[in-house]
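Below is structure-v1.cif, holding mmCIF, N, CA and C atoms.
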data_input
loop_
_atom_site.label_atom_id
_atom_site.label_comp_id
_atom_site.auth_asym_id
_atom_site.auth_seq_id
_atom_site.Cartn_x
_atom_site.Cartn_y
_atom_site.Cartn_z
N MET A 452 2.26 -12.78 -1.03
CA MET A 452 0.85 -12.85 -1.31
C MET A 452 0.09 -12.99 0.00
N ALA A 453 -0.89 -12.16 0.18
CA ALA A 453 -1.68 -12.18 1.40
C ALA A 453 -2.76 -13.26 1.32
N LYS A 454 -2.99 -13.89 2.45
CA LYS A 454 -4.02 -14.90 2.55
C LYS A 454 -5.26 -14.23 3.14
N THR A 455 -6.44 -14.66 2.75
CA THR A 455 -7.68 -14.07 3.25
C THR A 455 -8.41 -15.06 4.15
N GLU A 456 -8.81 -14.57 5.32
CA GLU A 456 -9.56 -15.38 6.29
C GLU A 456 -10.69 -14.54 6.87
N ILE A 457 -11.71 -15.21 7.37
CA ILE A 457 -12.79 -14.52 8.06
C ILE A 457 -12.46 -14.56 9.55
N ARG A 458 -12.33 -13.35 10.13
CA ARG A 458 -12.00 -13.21 11.54
C ARG A 458 -12.85 -12.11 12.15
N TYR A 459 -12.88 -12.07 13.47
CA TYR A 459 -13.64 -11.05 14.18
C TYR A 459 -12.86 -9.73 14.19
N CYS A 460 -13.53 -8.64 13.83
CA CYS A 460 -12.91 -7.31 13.83
C CYS A 460 -13.43 -6.54 15.05
N LYS A 461 -12.51 -6.01 15.85
CA LYS A 461 -12.89 -5.27 17.05
C LYS A 461 -13.50 -3.92 16.73
N ARG A 462 -13.15 -3.33 15.58
CA ARG A 462 -13.70 -2.03 15.20
C ARG A 462 -15.08 -2.19 14.56
N CYS A 463 -15.26 -3.21 13.71
CA CYS A 463 -16.55 -3.44 13.04
C CYS A 463 -17.55 -4.17 13.93
N TRP A 464 -17.05 -4.86 14.93
CA TRP A 464 -17.86 -5.66 15.86
C TRP A 464 -18.58 -6.81 15.17
N LYS A 465 -17.94 -7.42 14.17
CA LYS A 465 -18.53 -8.58 13.51
C LYS A 465 -17.43 -9.34 12.77
N ASP A 466 -17.78 -10.52 12.27
CA ASP A 466 -16.83 -11.30 11.48
C ASP A 466 -16.73 -10.71 10.08
N THR A 467 -15.53 -10.37 9.68
CA THR A 467 -15.29 -9.80 8.35
C THR A 467 -14.08 -10.48 7.73
N ARG A 468 -13.86 -10.24 6.46
CA ARG A 468 -12.69 -10.78 5.77
C ARG A 468 -11.45 -9.97 6.16
N HIS A 469 -10.38 -10.70 6.43
CA HIS A 469 -9.11 -10.07 6.78
C HIS A 469 -8.01 -10.61 5.88
N ASP A 470 -7.09 -9.73 5.47
CA ASP A 470 -5.88 -10.15 4.78
C ASP A 470 -4.84 -10.49 5.84
N ILE A 471 -4.25 -11.68 5.74
CA ILE A 471 -3.21 -12.11 6.67
C ILE A 471 -1.89 -12.06 5.91
N PHE A 472 -0.91 -11.33 6.45
CA PHE A 472 0.37 -11.18 5.76
C PHE A 472 1.50 -11.03 6.76
N LYS A 473 2.73 -11.23 6.28
CA LYS A 473 3.93 -10.98 7.07
C LYS A 473 4.55 -9.68 6.61
N ASP A 474 5.09 -8.92 7.56
CA ASP A 474 5.71 -7.66 7.19
C ASP A 474 7.15 -7.87 6.77
N GLY A 475 7.72 -6.82 6.25
CA GLY A 475 9.11 -6.86 5.79
C GLY A 475 9.99 -6.01 6.68
N PRO A 476 10.96 -5.34 6.09
CA PRO A 476 11.84 -4.47 6.88
C PRO A 476 11.10 -3.32 7.55
N VAL A 477 10.01 -2.85 6.95
CA VAL A 477 9.21 -1.79 7.55
C VAL A 477 8.04 -2.46 8.27
N ARG A 478 7.91 -2.19 9.55
CA ARG A 478 6.92 -2.86 10.38
C ARG A 478 5.49 -2.56 9.93
N GLY A 479 4.71 -3.61 9.70
CA GLY A 479 3.31 -3.49 9.35
C GLY A 479 3.01 -3.23 7.89
N GLN A 480 4.02 -3.22 7.03
CA GLN A 480 3.82 -2.99 5.61
C GLN A 480 3.88 -4.31 4.85
N LYS A 481 2.97 -4.51 3.91
CA LYS A 481 2.95 -5.72 3.09
C LYS A 481 4.15 -5.74 2.16
N VAL A 482 4.76 -6.89 1.99
CA VAL A 482 5.83 -7.07 1.02
C VAL A 482 5.60 -8.39 0.29
N ASP A 483 6.03 -8.44 -0.95
CA ASP A 483 5.88 -9.69 -1.70
C ASP A 483 7.02 -10.64 -1.36
N SER A 484 6.91 -11.86 -1.81
CA SER A 484 7.88 -12.89 -1.45
C SER A 484 9.26 -12.63 -2.03
N VAL A 485 9.33 -11.98 -3.20
CA VAL A 485 10.62 -11.69 -3.81
C VAL A 485 11.42 -10.71 -2.95
N GLU A 486 10.75 -9.68 -2.46
CA GLU A 486 11.42 -8.70 -1.61
C GLU A 486 11.84 -9.30 -0.28
N ARG A 487 10.97 -10.14 0.31
CA ARG A 487 11.33 -10.80 1.57
C ARG A 487 12.52 -11.71 1.38
N THR A 488 12.57 -12.45 0.27
CA THR A 488 13.69 -13.33 -0.01
C THR A 488 14.98 -12.54 -0.20
N PHE A 489 14.90 -11.43 -0.92
CA PHE A 489 16.06 -10.58 -1.14
C PHE A 489 16.65 -10.09 0.19
N PHE A 490 15.79 -9.55 1.07
CA PHE A 490 16.28 -9.06 2.35
C PHE A 490 16.79 -10.19 3.25
N ALA A 491 16.20 -11.37 3.14
CA ALA A 491 16.67 -12.51 3.93
C ALA A 491 18.07 -12.94 3.49
N ILE A 492 18.34 -12.90 2.19
CA ILE A 492 19.67 -13.26 1.69
C ILE A 492 20.69 -12.22 2.11
N ILE A 493 20.35 -10.95 1.96
CA ILE A 493 21.28 -9.86 2.29
C ILE A 493 21.63 -9.85 3.78
N THR A 494 20.66 -10.11 4.64
CA THR A 494 20.91 -10.04 6.09
C THR A 494 21.17 -11.42 6.70
N LEU A 495 21.44 -12.40 5.88
CA LEU A 495 21.71 -13.78 6.34
C LEU A 495 20.57 -14.35 7.17
N GLY A 496 19.33 -13.99 6.84
CA GLY A 496 18.16 -14.57 7.49
C GLY A 496 17.67 -13.86 8.73
N PHE A 497 18.36 -12.80 9.16
CA PHE A 497 17.95 -12.12 10.39
C PHE A 497 16.62 -11.39 10.24
N THR A 498 16.28 -10.92 9.03
CA THR A 498 14.99 -10.25 8.86
C THR A 498 13.84 -11.22 9.03
N GLU A 499 14.04 -12.49 8.71
CA GLU A 499 12.98 -13.48 8.89
C GLU A 499 12.71 -13.76 10.37
N LEU A 500 13.70 -13.57 11.20
CA LEU A 500 13.51 -13.74 12.64
C LEU A 500 12.68 -12.61 13.24
N MET A 501 12.71 -11.45 12.59
CA MET A 501 12.03 -10.28 13.14
C MET A 501 10.68 -10.01 12.49
N THR A 502 10.24 -10.84 11.54
CA THR A 502 8.96 -10.57 10.88
C THR A 502 7.79 -10.93 11.80
N ASP A 503 6.74 -10.16 11.69
CA ASP A 503 5.52 -10.39 12.44
C ASP A 503 4.39 -10.70 11.48
N LYS A 504 3.40 -11.42 11.97
CA LYS A 504 2.22 -11.73 11.19
C LYS A 504 1.16 -10.68 11.51
N TRP A 505 0.49 -10.15 10.49
CA TRP A 505 -0.50 -9.09 10.65
C TRP A 505 -1.82 -9.52 10.02
N GLN A 506 -2.89 -8.92 10.52
CA GLN A 506 -4.19 -9.08 9.87
C GLN A 506 -4.74 -7.68 9.63
N GLN A 507 -5.37 -7.50 8.45
CA GLN A 507 -5.94 -6.21 8.08
C GLN A 507 -7.36 -6.43 7.62
N CYS A 508 -8.29 -5.75 8.27
CA CYS A 508 -9.71 -5.87 7.92
C CYS A 508 -9.94 -5.25 6.55
N GLN A 509 -10.70 -5.94 5.69
CA GLN A 509 -11.00 -5.42 4.36
C GLN A 509 -12.12 -4.38 4.38
N VAL A 510 -12.87 -4.30 5.49
CA VAL A 510 -13.96 -3.34 5.58
C VAL A 510 -13.45 -1.99 6.11
N CYS A 511 -12.77 -2.01 7.26
CA CYS A 511 -12.37 -0.75 7.90
C CYS A 511 -10.87 -0.49 7.81
N ASP A 512 -10.07 -1.39 7.26
CA ASP A 512 -8.62 -1.26 7.08
C ASP A 512 -7.82 -1.23 8.38
N LYS A 513 -8.39 -1.71 9.47
CA LYS A 513 -7.66 -1.75 10.73
C LYS A 513 -6.61 -2.86 10.67
N LYS A 514 -5.35 -2.51 11.00
CA LYS A 514 -4.27 -3.50 11.05
C LYS A 514 -4.03 -3.90 12.48
N GLU A 515 -3.74 -5.19 12.67
CA GLU A 515 -3.51 -5.70 14.01
C GLU A 515 -2.50 -6.85 13.92
N ARG A 516 -1.56 -6.86 14.83
CA ARG A 516 -0.58 -7.93 14.84
C ARG A 516 -1.21 -9.19 15.42
N VAL A 517 -0.93 -10.32 14.80
CA VAL A 517 -1.51 -11.60 15.24
C VAL A 517 -0.57 -12.25 16.23
#
Structure encoded using structure tokens:
Amino acid sequence: MAKTEIRYCKRCWKDTRHDIFKDGPVRGQKVDSVERTFFAIITLGFTELMTDKWQQCQVCDKKERV
């Protein structure tokens, strides 16, 4: 589940709402907690070491790694 925060967007040049989420096996793609848990069990937790936190603007859809 993505968390929503108000952050500054470099493309919109103002504070907008952003979805904050962690990616899964595919870099930059949203995954739910069930899928993340499944891949963590299968790979003995190594996928959790490689996950990145992302923010996506709700206005312009720009994704950026946090």
If you apply the PyMOL selection byres ((chain A and resi 470) around 8) to this file, what residues do you get, as a PyMOL selection string? chain A and resi 453-458+467-469+471-473+505-510
Write the residues you've just listed into a file as a PDB file, keeping the file's coordinate frame, and include N, CA and C atoms for each of them.
ATOM      1  N   ALA A 453      -0.890 -12.160   0.180  1.00  0.00           N
ATOM      2  CA  ALA A 453      -1.680 -12.180   1.400  1.00  0.00           C
ATOM      3  C   ALA A 453      -2.760 -13.260   1.320  1.00  0.00           C
ATOM      4  N   LYS A 454      -2.990 -13.890   2.450  1.00  0.00           N
ATOM      5  CA  LYS A 454      -4.020 -14.900   2.550  1.00  0.00           C
ATOM      6  C   LYS A 454      -5.260 -14.230   3.140  1.00  0.00           C
ATOM      7  N   THR A 455      -6.440 -14.660   2.750  1.00  0.00           N
ATOM      8  CA  THR A 455      -7.680 -14.070   3.250  1.00  0.00           C
ATOM      9  C   THR A 455      -8.410 -15.060   4.150  1.00  0.00           C
ATOM     10  N   GLU A 456      -8.810 -14.570   5.320  1.00  0.00           N
ATOM     11  CA  GLU A 456      -9.560 -15.380   6.290  1.00  0.00           C
ATOM     12  C   GLU A 456     -10.690 -14.540   6.870  1.00  0.00           C
ATOM     13  N   ILE A 457     -11.710 -15.210   7.370  1.00  0.00           N
ATOM     14  CA  ILE A 457     -12.790 -14.520   8.060  1.00  0.00           C
ATOM     15  C   ILE A 457     -12.460 -14.560   9.550  1.00  0.00           C
ATOM     16  N   ARG A 458     -12.330 -13.350  10.130  1.00  0.00           N
ATOM     17  CA  ARG A 458     -12.000 -13.210  11.540  1.00  0.00           C
ATOM     18  C   ARG A 458     -12.850 -12.110  12.150  1.00  0.00           C
ATOM     19  N   THR A 467     -15.530 -10.370   9.680  1.00  0.00           N
ATOM     20  CA  THR A 467     -15.290  -9.800   8.350  1.00  0.00           C
ATOM     21  C   THR A 467     -14.080 -10.480   7.730  1.00  0.00           C
ATOM     22  N   ARG A 468     -13.860 -10.240   6.460  1.00  0.00           N
ATOM     23  CA  ARG A 468     -12.690 -10.780   5.770  1.00  0.00           C
ATOM     24  C   ARG A 468     -11.450  -9.970   6.160  1.00  0.00           C
ATOM     25  N   HIS A 469     -10.380 -10.700   6.430  1.00  0.00           N
ATOM     26  CA  HIS A 469      -9.110 -10.070   6.780  1.00  0.00           C
ATOM     27  C   HIS A 469      -8.010 -10.610   5.880  1.00  0.00           C
ATOM     28  N   ILE A 471      -4.250 -11.680   5.740  1.00  0.00           N
ATOM     29  CA  ILE A 471      -3.210 -12.110   6.670  1.00  0.00           C
ATOM     30  C   ILE A 471      -1.890 -12.060   5.910  1.00  0.00           C
ATOM     31  N   PHE A 472      -0.910 -11.330   6.450  1.00  0.00           N
ATOM     32  CA  PHE A 472       0.370 -11.180   5.760  1.00  0.00           C
ATOM     33  C   PHE A 472       1.500 -11.030   6.760  1.00  0.00           C
ATOM     34  N   LYS A 473       2.730 -11.230   6.280  1.00  0.00           N
ATOM     35  CA  LYS A 473       3.930 -10.980   7.070  1.00  0.00           C
ATOM     36  C   LYS A 473       4.550  -9.680   6.610  1.00  0.00           C
ATOM     37  N   TRP A 505       0.490 -10.150  10.490  1.00  0.00           N
ATOM     38  CA  TRP A 505      -0.500  -9.090  10.650  1.00  0.00           C
ATOM     39  C   TRP A 505      -1.820  -9.520  10.020  1.00  0.00           C
ATOM     40  N   GLN A 506      -2.890  -8.920  10.520  1.00  0.00           N
ATOM     41  CA  GLN A 506      -4.190  -9.080   9.870  1.00  0.00           C
ATOM     42  C   GLN A 506      -4.740  -7.680   9.630  1.00  0.00           C
ATOM     43  N   GLN A 507      -5.370  -7.500   8.450  1.00  0.00           N
ATOM     44  CA  GLN A 507      -5.940  -6.210   8.080  1.00  0.00           C
ATOM     45  C   GLN A 507      -7.360  -6.430   7.620  1.00  0.00           C
ATOM     46  N   CYS A 508      -8.290  -5.750   8.270  1.00  0.00           N
ATOM     47  CA  CYS A 508      -9.710  -5.870   7.920  1.00  0.00           C
ATOM     48  C   CYS A 508      -9.940  -5.250   6.550  1.00  0.00           C
ATOM     49  N   GLN A 509     -10.700  -5.940   5.690  1.00  0.00           N
ATOM     50  CA  GLN A 509     -11.000  -5.420   4.360  1.00  0.00           C
ATOM     51  C   GLN A 509     -12.120  -4.380   4.380  1.00  0.00           C
ATOM     52  N   VAL A 510     -12.870  -4.300   5.490  1.00  0.00           N
ATOM     53  CA  VAL A 510     -13.960  -3.340   5.580  1.00  0.00           C
ATOM     54  C   VAL A 510     -13.450  -1.990   6.110  1.00  0.00           C
TER      55      VAL A 510
END
Padding 6 Å on each side, edges along x, y and z: where is the centre of the box around the listed atoms of segment 479-495 of chain A, and how long are its edges in Å to one decimal? Output it as lines of an AutoDock Vina configuration file.
center_x = 12.3
center_y = -8.7
center_z = 2.9
size_x = 30.8
size_y = 23.4
size_z = 25.5
Neighbouring residues of Met501 of chain A were defined as those with any atom within 8 Å, considering only N, CA and C atoms; residues of the same chain fewer than 3 positions away were excluded. Please report them as number ranges by chain. A: 474-476, 496-498, 504
Please save N, CA and C atoms of the selected residues as a JSON list (two decimals), in the frame of the given file.
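Output below, filename result_1.json:
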[["chain", "number", "residue", "atom", "x", "y", "z"],
["A", 474, "ASP", "N", 5.09, -8.92, 7.56],
["A", 474, "ASP", "CA", 5.71, -7.66, 7.19],
["A", 474, "ASP", "C", 7.15, -7.87, 6.77],
["A", 475, "GLY", "N", 7.72, -6.82, 6.25],
["A", 475, "GLY", "CA", 9.11, -6.86, 5.79],
["A", 475, "GLY", "C", 9.99, -6.01, 6.68],
["A", 476, "PRO", "N", 10.96, -5.34, 6.09],
["A", 476, "PRO", "CA", 11.84, -4.47, 6.88],
["A", 476, "PRO", "C", 11.10, -3.32, 7.55],
["A", 496, "GLY", "N", 19.33, -13.99, 6.84],
["A", 496, "GLY", "CA", 18.16, -14.57, 7.49],
["A", 496, "GLY", "C", 17.67, -13.86, 8.73],
["A", 497, "PHE", "N", 18.36, -12.80, 9.16],
["A", 497, "PHE", "CA", 17.95, -12.12, 10.39],
["A", 497, "PHE", "C", 16.62, -11.39, 10.24],
["A", 498, "THR", "N", 16.28, -10.92, 9.03],
["A", 498, "THR", "CA", 14.99, -10.25, 8.86],
["A", 498, "THR", "C", 13.84, -11.22, 9.03],
["A", 504, "LYS", "N", 3.40, -11.42, 11.97],
["A", 504, "LYS", "CA", 2.22, -11.73, 11.19],
["A", 504, "LYS", "C", 1.16, -10.68, 11.51]]
Run DSSP on the backbone and grab whatever in chain A lands in strand (DSSP E); send it over as an mmCIF file with N, CA and C atoms, in the coordinates of the input.
data_model
loop_
_atom_site.group_PDB
_atom_site.id
_atom_site.type_symbol
_atom_site.label_atom_id
_atom_site.label_comp_id
_atom_site.auth_asym_id
_atom_site.auth_seq_id
_atom_site.Cartn_x
_atom_site.Cartn_y
_atom_site.Cartn_z
ATOM 1 N N LYS A 454 -2.990 -13.890 2.450
ATOM 2 C CA LYS A 454 -4.020 -14.900 2.550
ATOM 3 C C LYS A 454 -5.260 -14.230 3.140
ATOM 4 N N THR A 455 -6.440 -14.660 2.750
ATOM 5 C CA THR A 455 -7.680 -14.070 3.250
ATOM 6 C C THR A 455 -8.410 -15.060 4.150
ATOM 7 N N GLU A 456 -8.810 -14.570 5.320
ATOM 8 C CA GLU A 456 -9.560 -15.380 6.290
ATOM 9 C C GLU A 456 -10.690 -14.540 6.870
ATOM 10 N N ILE A 457 -11.710 -15.210 7.370
ATOM 11 C CA ILE A 457 -12.790 -14.520 8.060
ATOM 12 C C ILE A 457 -12.460 -14.560 9.550
ATOM 13 N N ARG A 458 -12.330 -13.350 10.130
ATOM 14 C CA ARG A 458 -12.000 -13.210 11.540
ATOM 15 C C ARG A 458 -12.850 -12.110 12.150
ATOM 16 N N TYR A 459 -12.880 -12.070 13.470
ATOM 17 C CA TYR A 459 -13.640 -11.050 14.180
ATOM 18 C C TYR A 459 -12.860 -9.730 14.190
ATOM 19 N N CYS A 460 -13.530 -8.640 13.830
ATOM 20 C CA CYS A 460 -12.910 -7.310 13.830
ATOM 21 C C CYS A 460 -13.430 -6.540 15.050
ATOM 22 N N LYS A 465 -17.940 -7.420 14.170
ATOM 23 C CA LYS A 465 -18.530 -8.580 13.510
ATOM 24 C C LYS A 465 -17.430 -9.340 12.770
ATOM 25 N N ASP A 466 -17.780 -10.520 12.270
ATOM 26 C CA ASP A 466 -16.830 -11.300 11.480
ATOM 27 C C ASP A 466 -16.730 -10.710 10.080
ATOM 28 N N THR A 467 -15.530 -10.370 9.680
ATOM 29 C CA THR A 467 -15.290 -9.800 8.350
ATOM 30 C C THR A 467 -14.080 -10.480 7.730
ATOM 31 N N ARG A 468 -13.860 -10.240 6.460
ATOM 32 C CA ARG A 468 -12.690 -10.780 5.770
ATOM 33 C C ARG A 468 -11.450 -9.970 6.160
ATOM 34 N N HIS A 469 -10.380 -10.700 6.430
ATOM 35 C CA HIS A 469 -9.110 -10.070 6.780
ATOM 36 C C HIS A 469 -8.010 -10.610 5.880
ATOM 37 N N ASP A 470 -7.090 -9.730 5.470
ATOM 38 C CA ASP A 470 -5.880 -10.150 4.780
ATOM 39 C C ASP A 470 -4.840 -10.490 5.840
ATOM 40 N N ILE A 471 -4.250 -11.680 5.740
ATOM 41 C CA ILE A 471 -3.210 -12.110 6.670
ATOM 42 C C ILE A 471 -1.890 -12.060 5.910
ATOM 43 N N PHE A 472 -0.910 -11.330 6.450
ATOM 44 C CA PHE A 472 0.370 -11.180 5.760
ATOM 45 C C PHE A 472 1.500 -11.030 6.760
ATOM 46 N N LYS A 473 2.730 -11.230 6.280
ATOM 47 C CA LYS A 473 3.930 -10.980 7.070
ATOM 48 C C LYS A 473 4.550 -9.680 6.610
ATOM 49 N N LYS A 504 3.400 -11.420 11.970
ATOM 50 C CA LYS A 504 2.220 -11.730 11.190
ATOM 51 C C LYS A 504 1.160 -10.680 11.510
ATOM 52 N N TRP A 505 0.490 -10.150 10.490
ATOM 53 C CA TRP A 505 -0.500 -9.090 10.650
ATOM 54 C C TRP A 505 -1.820 -9.520 10.020
ATOM 55 N N GLN A 506 -2.890 -8.920 10.520
ATOM 56 C CA GLN A 506 -4.190 -9.080 9.870
ATOM 57 C C GLN A 506 -4.740 -7.680 9.630
ATOM 58 N N GLN A 507 -5.370 -7.500 8.450
ATOM 59 C CA GLN A 507 -5.940 -6.210 8.080
ATOM 60 C C GLN A 507 -7.360 -6.430 7.620
ATOM 61 N N CYS A 508 -8.290 -5.750 8.270
ATOM 62 C CA CYS A 508 -9.710 -5.870 7.920
ATOM 63 C C CYS A 508 -9.940 -5.250 6.550
ATOM 64 N N LYS A 514 -5.350 -2.510 11.000
ATOM 65 C CA LYS A 514 -4.270 -3.500 11.050
ATOM 66 C C LYS A 514 -4.030 -3.900 12.480
ATOM 67 N N GLU A 515 -3.740 -5.190 12.670
ATOM 68 C CA GLU A 515 -3.510 -5.700 14.010
ATOM 69 C C GLU A 515 -2.500 -6.850 13.920
ATOM 70 N N ARG A 516 -1.560 -6.860 14.830
ATOM 71 C CA ARG A 516 -0.580 -7.930 14.840
ATOM 72 C C ARG A 516 -1.210 -9.190 15.420
#
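Note that atom C of Lys481 of chain A and atom CA of Ile493 of chain A are 17.6 Å apart.
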One-decimal distance in Å that lies between atom C of Lys513 of chain A and atom C of Gln480 of chain A: 12.1 Å
What's the separation between atom CA of Val517 of chain A and atom CA of Leu495 of chain A, in Å to one decimal place? 25.0 Å
Could you check the closest approach to Thr502 of chain A for each of A:Tyr459, A:Lys465, A:Gly479, A:Thr488 and tell me which residue wins, using only C-alpha atoms?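 That would be A:Gly479, the residue with the smallest distance to Thr502 of chain A.
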